[in-house]
Amino acid sequence: MNLPRTIHELHRRLLAEEFSVVEYYQSLVRQIAQDQALNIWLSCVDDAHLLAQATRCDTMLKEHGDALFHPSSDRYMALFAVPVGLKDNICMRGLPTTAASRMLEHYHSPYDATVVTRLQQAGAIILGKLNMDEFGMGSSGKNSAFGATVNPRHPELIPGGSSSGSAAAVAAHHVLVALGSDTGGSCRQPAACCDLVGFKPTYGKISRYGLIAYASSLDCIGVIANNSSDIGVALDVIAGHDPHDSTSREDQKPSHKAPADMVVGVLSSMLDWAHCDPRISSACRDFVRMLEVAGVKCVPVHLDGVERLSSTYATIASSEASSNLARYTGLFFGANSNAMPDLDDFFGADTDDIDALMTEHRTRLLGPEVKKRILLGTHVLSAKNQAHYYARAVQQQHEVRRQFSDILSRVDVLFMPTMPCFPARQDAKQEPMLDRFMHDVYTIPANLTGCPALSFPVEVNSPHDRPAVSAQFMAAHAQDETLVNFVDYCQRLLKS
Amino acid sequence: MTSFEHPPYSDYDVVIGLEVHCQLLTTHKLFSAAANMTADAARPNQHVAHFEQALPGQLPVLNPEAVKLAVTAGLALDCHVNLTSVFERKHYFYPDLPKGYQITQQARPVCAQGQLSIPDSNVSVRIARIQIEEDAAKSTHDDRRGRRIDLNRASVPLIEIVTEPDMSSADEAVEFLKELHLIVRTLQVCSGNMEDGAFRCDANVSVKKRGSSSLGERCELKNINSFKFIRDAIEFEARRQIDILEAGGRITMQTRSYDAALGQTTLMRDKENAPDYRFMPEPDLPALTLSTAYVEELRAHLPELPAARRVRYVRQLGLSHQDTSIISSNLALASYFDQASALCASPQTLANWVLNEMTLVLSEQGASFESCPVSPAYMARFADLVSEDVINSKLAKKLLRLMVKHPECTPEHLLEAHHLVVIRDEDVLQALVSQVIEGNSVQVAQYRAGKEALLGYFVGQLMKLSQGKADPVVGKALLMKELTTLD
């Protein structure tokens, strides 16, 4: 079967009875089995269960027909029969949730994340849990306790991360939509490495309830798909206020501005940044010219302190990580303990040296990148260093917010590359930590400011040995849908 | 404090500040829907949500009930309410804290800058801050199964009330705590149960040479859970510090615990081993914002506080200071008394009977004013009967016991039914007086010979003859008339 590439295509072909939902899922299962070596999935729903869901879909399709696909119908299911994958830091009952860490190797969540419930209510079929960099820390897909993820489009290059499996699963056509998480670019960057569209919403737009925290004030559940229209469909399903997440936003109407009337701010400080690969800046400039030719108003805007972005991010993210990961002591759940926390036998240590026990667990079960960030966070948060590092980073974050909010009051969307360089080779030696943080300078602002950002390939006719250059648009808070519509417009421009 | 009256102890000032933790009487825990039922829990880990287990992906949702109780306490303690306050994480690794951090308020607590006067003194203690925070789990040790963790107490809502170092003796500290204890129970913010740790206290103690303006290095005494232990712990600690200084030593900042069995404080950790809590803003909770209207609404609904109640008892009801202090320090009694006195014309009489005979009867029955069989309304009528001399005190004691036995009957009904009315009828009394005179001829002769002190004896005989019902005033007058006019 020639697998469908978009939700729209899937629904059209199902309605045309080109294949049944069961046949579709049989093909997906076969494809996933064939691609085992790509190490995309950490756990999958078993075939029988999957095919039972597919059979139910076929019955519904027979009964309700195209009523399922009409938003005005009360049978409407936006994600009817859509295969979806979850980054393994999103909790779902029935499968392990490991965050790609030995620490949670056998952990089963007793509850579903809000996004899981919403996906299922909209008809999506969740195939399983996707590989990632441990606890969302990293941008290579190599920091997984369960092995590196392979980039299906460019196997010799890294797939990016930390939502490496999410990007790879969409790129390998295992799913149409994958949820990831984006703390400093973790959805947009792997999407760019795999020629896909990666979305980071406004902070609080999508509930974090059930997302394993890395840096709570920056973490967002994000979406990776083949095009921005599918991002829009998924966003509509999973976004919205959730009483379980106190930082979740009240629903807010975006401004419905026609794409052609939008004013694009081109972030010259990013394009001209010395560390940006010239092929990337030139592809970005070509794209801006294409927009101008199409009649979109593009104006250059400037940002100070690009270099400070990554240290600001590293300080805040690692501080919060050191706090969020303090619960992983191996005493209560995961690790050596039972898969599920057992309240009747909640905790029983046969030693009085609890410190030694926790230290042993954390030393053995957390990966090197995770340990590095915990140490860094612990250091910058400590009483004697806090004022020098953490407080200054927060101050710097306020400055970044002020600048971006100023810029976004003058333009509708802000344009910049997604990455300053192309993905490294899978077999390359890992660069030093600070250099790696520098690769995130383009994606970090959306996290530091809480703004939505959408990354997509902007380069036409790219060479085969690397992914196409991706760039991203950022918009003001709550303008997620505006952003999706605008990128949809851009993608259609690129095609024509 | 006898020992502090003599040198070298009398050469020093003791400086005390307190940190009081009160578990809030909410239905649910601070951040989840689990029940807040620490005391009643049938078994460990019964009232635990995923949040308290620190399961991955869990997020706190602030319980508005806890905020309401915290602000109520703040208003009662004359605090400034911060319309915007923030939550922070305080980190330490211990199995009683599965998240690895406690959610608390550090930089900007919900209330600050209050004060509370210690009753019957001119000492006013400044309240530095009141912060909302979560309790830790309970770590216990079981011989068979080793160390156990009970999460029933995890994330039970607390307020921590922090005072300035404004107390100068253990007695003052205890009086302050008792008043605070009374206030939080009056507000129904906290059960006040000290044995269960619902109300517990840390004390910061330092000493300095009398009159010196610079504070000494302080030691913190942790988790003391009775008024007696607080007094003993502070006194021990102050003496320990003075002894060190007198011996030429220096006080170093320490955290100490009080061992009630030994009657002394012992070192837990010193400054070098002080944990680094790495305070950080709680990213999972937005700032807590309150409206002025919300605060004013709570202020308007504050109940009468103990200090106001005491003023009312003295000024409006004319009660003695002693009675006022006894009644107002017992909430059940005060509530009973308030209900009764509202219906009673003679509050002091009411107070006398409630504090003496009623208290005695209740203690004989092992009951308290929470379950007093006599309704406040009947108690009020009883006091009026006494104060109007319808009944004398001897009969009143009988009547009160009858009222306890027959709570459904009005005092008037019992009075009639048991013939407890005072005999005032002069004809009836005259007949009784005549009997007394006739039956005591020897004493009558003595009286008439000038031994007037015998009058009391005749009154006693009259009361005996009338089974205590004779009006003593009228009876005495008739007796005197009879004794002086006859023969």
# chains A, B, ... in the order shown; residues from 1 in each chain; ligands from 1
call {"tool": "interface_residues", "arguments": {"of": "chain A", "to": "chain B", "cutoff": "9 Å", "atoms": "only C-alpha atoms", "output": "PyMOL selection string"}}
result
chain A and resi 89-91+109-111+113+208-213+215-218+243-247+319-320+323-329+331-333+341+343-352+354-355+358+378+380-383+386+390
call {"tool": "select_by_dssp", "arguments": {"residues": "stretch 23-244 of chain A", "states": "alpha helix (DSSP H)", "output": "ChimeraX atom specification"}}
result
/A:23-34,47-64,114-121,164-171,188-193,228-238
call {"tool": "residues_around", "arguments": {"residues": "B:Val390", "least_positions_apart": "6", "cutoff": "9 Å", "atoms": "only C-alpha atoms", "output": "list in words"}}
result
Asp384, Val421 and Val422 of chain B
call {"tool": "write_last_selection", "arguments": {"atoms": "C-alpha atoms", "output": "compact mmCIF listing (two decimals), in the first residue's frame"}}
result
# COMPACT_ATOMS: atom_id res chain seq x y z
CA ASP B 384 -31.77 34.30 86.46
CA VAL B 421 -39.12 27.12 95.87
CA VAL B 422 -37.82 29.32 98.67
call {"tool": "closest_residue", "arguments": {"among": "B:Ser257, B:Val473, B:Leu432, B:Glu133", "to": "B:Gln461", "atoms": "only C-alpha atoms"}}
result
B:Leu432
call {"tool": "residues_around", "arguments": {"residues": "A:Lys142", "least_positions_apart": "2", "cutoff": "10 Å", "atoms": "only C-alpha atoms", "output": "PyMOL selection string"}}
result
chain A and resi 131-134+138-140+144-150+158-162+164+426+430
call {"tool": "write_last_selection", "arguments": {"atoms": "C-alpha atoms", "output": "short mmCIF file (atom, residue, chain, number, x, y, z; two decimals), in the first residue's frame"}}
result
data_model
loop_
_atom_site.label_atom_id
_atom_site.label_comp_id
_atom_site.auth_asym_id
_atom_site.auth_seq_id
_atom_site.Cartn_x
_atom_site.Cartn_y
_atom_site.Cartn_z
CA ASN A 131 12.30 7.04 21.36
CA MET A 132 13.83 10.28 22.55
CA ASP A 133 16.80 11.83 24.27
CA GLU A 134 16.58 10.87 27.93
CA GLY A 138 19.71 16.53 24.01
CA SER A 139 19.24 17.28 20.35
CA SER A 140 20.77 14.24 18.69
CA SER A 144 18.52 7.49 24.87
CA ALA A 145 19.17 4.73 27.37
CA PHE A 146 17.64 2.40 24.78
CA GLY A 147 19.83 3.26 21.82
CA ALA A 148 20.01 6.06 19.26
CA THR A 149 17.16 6.79 16.87
CA VAL A 150 18.02 6.57 13.18
CA ILE A 158 21.26 12.32 13.34
CA PRO A 159 17.47 12.70 13.42
CA GLY A 160 17.72 15.60 15.84
CA GLY A 161 16.15 15.62 19.26
CA SER A 162 15.04 15.37 21.80
CA SER A 164 13.91 12.07 17.77
CA GLN A 426 25.36 9.90 13.25
CA GLN A 430 29.60 14.64 20.49
#
call {"tool": "closest_residue", "arguments": {"among": "A:Ile316, A:Cys421, A:Ile125, A:Ala191", "to": "A:Ala274", "atoms": "only C-alpha atoms"}}
result
A:Cys421
call {"tool": "residues_around", "arguments": {"residues": "stretch 228-239 of chain B", "least_positions_apart": "6", "cutoff": "7 Å", "atoms": "only C-alpha atoms", "output": "PyMOL selection string"}}
result
chain B and resi 14+170-171+174+205-207+258+260+264-265
call {"tool": "atom_distance", "arguments": {"atom1": "atom CA of A:Met438", "atom2": "atom CA of A:Ile206"}}
result
27.1 Å
call {"tool": "select_by_dssp", "arguments": {"residues": "stretch 94-176 of chain B", "states": "strand (DSSP E)", "output": "JSON, numbers by chain"}}
result
{"B": [101, 102, 103, 104, 111, 112, 113, 114, 115, 116, 117, 124, 125, 126, 127, 128, 129, 130, 131, 132, 133, 134, 138, 139, 140, 141, 142, 146, 147, 148, 149, 150, 157, 158, 159, 160, 161, 162, 163]}
call {"tool": "write_last_selection", "arguments": {"atoms": "N, CA and C atoms", "output": "tab-separated table (two decimals), in the first residue's frame"}}
result
chain	number	residue	atom	x	y	z
B	101	TYR	N	11.18	18.04	46.72
B	101	TYR	CA	11.05	19.45	47.12
B	101	TYR	C	9.69	19.65	47.77
B	102	GLN	N	9.67	20.66	48.63
B	102	GLN	CA	8.43	21.07	49.26
B	102	GLN	C	7.96	22.33	48.55
B	103	ILE	N	6.67	22.41	48.26
B	103	ILE	CA	6.15	23.65	47.69
B	103	ILE	C	5.77	24.56	48.85
B	104	THR	N	6.37	25.74	48.85
B	104	THR	CA	6.19	26.66	49.97
B	104	THR	C	6.21	28.08	49.42
B	111	CYS	N	0.75	36.42	53.48
B	111	CYS	CA	0.51	37.47	54.47
B	111	CYS	C	1.82	37.88	55.13
B	112	ALA	N	1.89	39.13	55.57
B	112	ALA	CA	3.11	39.60	56.24
B	112	ALA	C	2.76	40.73	57.20
B	113	GLN	N	3.72	41.05	58.04
B	113	GLN	CA	3.65	42.24	58.89
B	113	GLN	C	2.39	42.33	59.74
B	114	GLY	N	2.17	41.30	60.53
B	114	GLY	CA	1.04	41.35	61.46
B	114	GLY	C	1.52	41.53	62.88
B	115	GLN	N	0.61	41.37	63.80
B	115	GLN	CA	1.02	41.41	65.20
B	115	GLN	C	-0.04	40.76	66.06
B	116	LEU	N	0.42	40.27	67.22
B	116	LEU	CA	-0.50	39.66	68.17
B	116	LEU	C	-0.05	40.03	69.58
B	117	SER	N	-0.99	40.56	70.36
B	117	SER	CA	-0.67	40.94	71.73
B	117	SER	C	-0.83	39.74	72.65
B	124	SER	N	3.58	42.98	72.60
B	124	SER	CA	2.97	42.71	71.31
B	124	SER	C	4.03	42.03	70.45
B	125	VAL	N	3.69	40.88	69.91
B	125	VAL	CA	4.65	40.13	69.11
B	125	VAL	C	4.36	40.40	67.64
B	126	ARG	N	5.38	40.82	66.92
B	126	ARG	CA	5.19	41.08	65.49
B	126	ARG	C	5.20	39.76	64.70
B	127	ILE	N	4.26	39.64	63.78
B	127	ILE	CA	4.21	38.47	62.90
B	127	ILE	C	4.96	38.87	61.64
B	128	ALA	N	6.04	38.19	61.35
B	128	ALA	CA	6.84	38.56	60.17
B	128	ALA	C	6.11	38.14	58.89
B	129	ARG	N	5.56	36.90	58.90
B	129	ARG	CA	4.99	36.38	57.67
B	129	ARG	C	4.11	35.18	57.96
B	130	ILE	N	3.19	34.93	57.04
B	130	ILE	CA	2.44	33.68	57.06
B	130	ILE	C	2.54	33.10	55.65
B	131	GLN	N	3.05	31.88	55.55
B	131	GLN	CA	3.19	31.30	54.23
B	131	GLN	C	2.38	30.01	54.13
B	132	ILE	N	1.89	29.77	52.92
B	132	ILE	CA	1.16	28.53	52.64
B	132	ILE	C	2.17	27.51	52.18
B	133	GLU	N	2.11	26.30	52.71
B	133	GLU	CA	3.02	25.26	52.24
B	133	GLU	C	2.42	23.89	52.48
B	134	GLU	N	3.08	22.86	51.95
B	134	GLU	CA	2.56	21.50	52.10
B	134	GLU	C	3.34	20.77	53.19
B	138	LYS	N	4.89	11.02	56.44
B	138	LYS	CA	5.36	10.56	57.74
B	138	LYS	C	6.29	9.37	57.51
B	139	SER	N	7.46	9.47	58.09
B	139	SER	CA	8.42	8.38	57.96
B	139	SER	C	8.41	7.62	59.28
B	140	THR	N	8.10	6.33	59.20
B	140	THR	CA	8.05	5.56	60.44
B	140	THR	C	8.98	4.37	60.33
B	141	HIS	N	9.24	3.75	61.45
B	141	HIS	CA	10.11	2.58	61.41
B	141	HIS	C	9.38	1.39	61.98
B	142	ASP	N	9.36	0.34	61.21
B	142	ASP	CA	8.65	-0.86	61.57
B	142	ASP	C	9.71	-1.95	61.71
B	146	GLY	N	10.97	-2.65	58.29
B	146	GLY	CA	11.93	-1.58	58.07
B	146	GLY	C	11.25	-0.23	57.99
B	147	ARG	N	11.90	0.69	57.30
B	147	ARG	CA	11.39	2.05	57.25
B	147	ARG	C	10.16	2.12	56.34
B	148	ARG	N	9.11	2.78	56.82
B	148	ARG	CA	7.89	2.89	56.04
B	148	ARG	C	7.56	4.36	55.81
B	149	ILE	N	6.90	4.62	54.70
B	149	ILE	CA	6.46	5.98	54.42
B	149	ILE	C	4.94	5.97	54.33
B	150	ASP	N	4.32	6.86	55.09
B	150	ASP	CA	2.87	7.02	55.04
B	150	ASP	C	2.58	8.39	54.40
B	157	PRO	N	-2.38	20.71	53.72
B	157	PRO	CA	-2.07	22.15	53.71
B	157	PRO	C	-1.64	22.65	55.09
B	158	LEU	N	-0.63	23.49	55.07
B	158	LEU	CA	-0.12	24.10	56.30
B	158	LEU	C	-0.05	25.60	56.11
B	159	ILE	N	-0.14	26.33	57.22
B	159	ILE	CA	0.42	27.68	57.19
B	159	ILE	C	1.57	27.68	58.18
B	160	GLU	N	2.63	28.37	57.80
B	160	GLU	CA	3.71	28.59	58.75
B	160	GLU	C	3.64	30.06	59.17
B	161	ILE	N	3.48	30.26	60.48
B	161	ILE	CA	3.40	31.61	61.02
B	161	ILE	C	4.75	31.91	61.66
B	162	VAL	N	5.42	32.93	61.16
B	162	VAL	CA	6.76	33.25	61.65
B	162	VAL	C	6.72	34.57	62.40
B	163	THR	N	7.21	34.56	63.64
B	163	THR	CA	7.21	35.82	64.41
B	163	THR	C	8.58	36.47	64.34
call {"tool": "residues_around", "arguments": {"residues": "B:Gln339", "least_positions_apart": "5", "cutoff": "9 Å", "atoms": "only C-alpha atoms", "output": "list in words"}}
result
Ala334, Pro376, Ala377 and Ala380 of chain B
call {"tool": "write_last_selection", "arguments": {"atoms": "N, CA and C atoms", "output": "mmCIF file, in the first residue's frame"}}
result
data_model
loop_
_atom_site.group_PDB
_atom_site.id
_atom_site.type_symbol
_atom_site.label_atom_id
_atom_site.label_comp_id
_atom_site.auth_asym_id
_atom_site.auth_seq_id
_atom_site.Cartn_x
_atom_site.Cartn_y
_atom_site.Cartn_z
ATOM 1 N N ALA B 334 -16.612 28.883 76.146
ATOM 2 C CA ALA B 334 -16.925 30.249 75.745
ATOM 3 C C ALA B 334 -18.147 30.277 74.835
ATOM 4 N N PRO B 376 -28.022 25.912 76.746
ATOM 5 C CA PRO B 376 -27.641 27.260 77.184
ATOM 6 C C PRO B 376 -28.868 28.071 77.614
ATOM 7 N N ALA B 377 -29.993 27.874 76.951
ATOM 8 C CA ALA B 377 -31.189 28.650 77.276
ATOM 9 C C ALA B 377 -31.662 28.316 78.692
ATOM 10 N N ALA B 380 -29.370 29.761 81.233
ATOM 11 C CA ALA B 380 -29.603 31.195 81.403
ATOM 12 C C ALA B 380 -30.772 31.419 82.363
#
call {"tool": "residues_around", "arguments": {"residues": "stretch 413-420 of chain A", "least_positions_apart": "5", "cutoff": "6 Å", "atoms": "only C-alpha atoms", "output": "number ranges by chain"}}
result
A: 264-267, 276-277, 442, 470-475
call {"tool": "write_last_selection", "arguments": {"atoms": "N, CA, C and O atoms", "output": "tab-separated table (two decimals), in the first residue's frame"}}
result
chain	number	residue	atom	x	y	z
A	264	VAL	N	5.65	40.36	7.94
A	264	VAL	CA	6.67	39.43	8.42
A	264	VAL	C	7.89	40.22	8.87
A	264	VAL	O	8.41	41.05	8.13
A	265	GLY	N	8.32	39.96	10.09
A	265	GLY	CA	9.57	40.56	10.56
A	265	GLY	C	10.69	39.56	10.28
A	265	GLY	O	10.61	38.40	10.68
A	266	VAL	N	11.70	40.00	9.56
A	266	VAL	CA	12.82	39.09	9.27
A	266	VAL	C	13.93	39.40	10.27
A	266	VAL	O	14.46	40.53	10.30
A	267	LEU	N	14.25	38.43	11.09
A	267	LEU	CA	15.20	38.66	12.18
A	267	LEU	C	16.63	38.65	11.63
A	267	LEU	O	17.29	37.62	11.57
A	276	CYS	N	26.02	31.04	11.71
A	276	CYS	CA	24.99	30.43	10.86
A	276	CYS	C	25.61	29.97	9.54
A	276	CYS	O	26.32	30.73	8.86
A	277	ASP	N	25.36	28.72	9.19
A	277	ASP	CA	25.85	28.16	7.93
A	277	ASP	C	25.33	29.03	6.77
A	277	ASP	O	24.13	29.30	6.68
A	442	TYR	N	18.35	29.55	17.83
A	442	TYR	CA	17.19	29.97	17.03
A	442	TYR	C	15.88	29.44	17.61
A	442	TYR	O	14.83	30.05	17.44
A	470	SER	N	15.39	24.31	6.96
A	470	SER	CA	14.10	24.67	7.58
A	470	SER	C	14.21	26.03	8.23
A	470	SER	O	15.29	26.42	8.71
A	471	ALA	N	13.11	26.72	8.26
A	471	ALA	CA	13.05	27.99	8.99
A	471	ALA	C	11.78	27.98	9.81
A	471	ALA	O	10.96	27.07	9.70
A	472	GLN	N	11.65	28.98	10.65
A	472	GLN	CA	10.47	29.00	11.51
A	472	GLN	C	9.88	30.40	11.58
A	472	GLN	O	10.57	31.40	11.42
A	473	PHE	N	8.59	30.41	11.83
A	473	PHE	CA	7.90	31.65	12.17
A	473	PHE	C	7.52	31.60	13.64
A	473	PHE	O	7.13	30.56	14.16
A	474	MET	N	7.65	32.73	14.26
A	474	MET	CA	7.22	32.88	15.65
A	474	MET	C	6.10	33.91	15.65
A	474	MET	O	6.12	34.84	14.85
A	475	ALA	N	5.13	33.76	16.54
A	475	ALA	CA	4.06	34.75	16.62
A	475	ALA	C	3.85	35.13	18.09
A	475	ALA	O	4.44	34.53	18.99
call {"tool": "atom_distance", "arguments": {"atom1": "atom CA of A:Asp412", "atom2": "atom CA of A:Asp304"}}
result
19.6 Å
call {"tool": "closest_residue", "arguments": {"among": "B:Ala307, B:Ala345, B:Ala35, B:Val404", "to": "B:Ser328", "atoms": "only C-alpha atoms"}}
result
B:Ala307
call {"tool": "closest_residue", "arguments": {"among": "B:Ala449, B:His181, B:Gly475, B:Leu262", "to": "B:Ala73", "atoms": "only C-alpha atoms"}}
result
B:His181
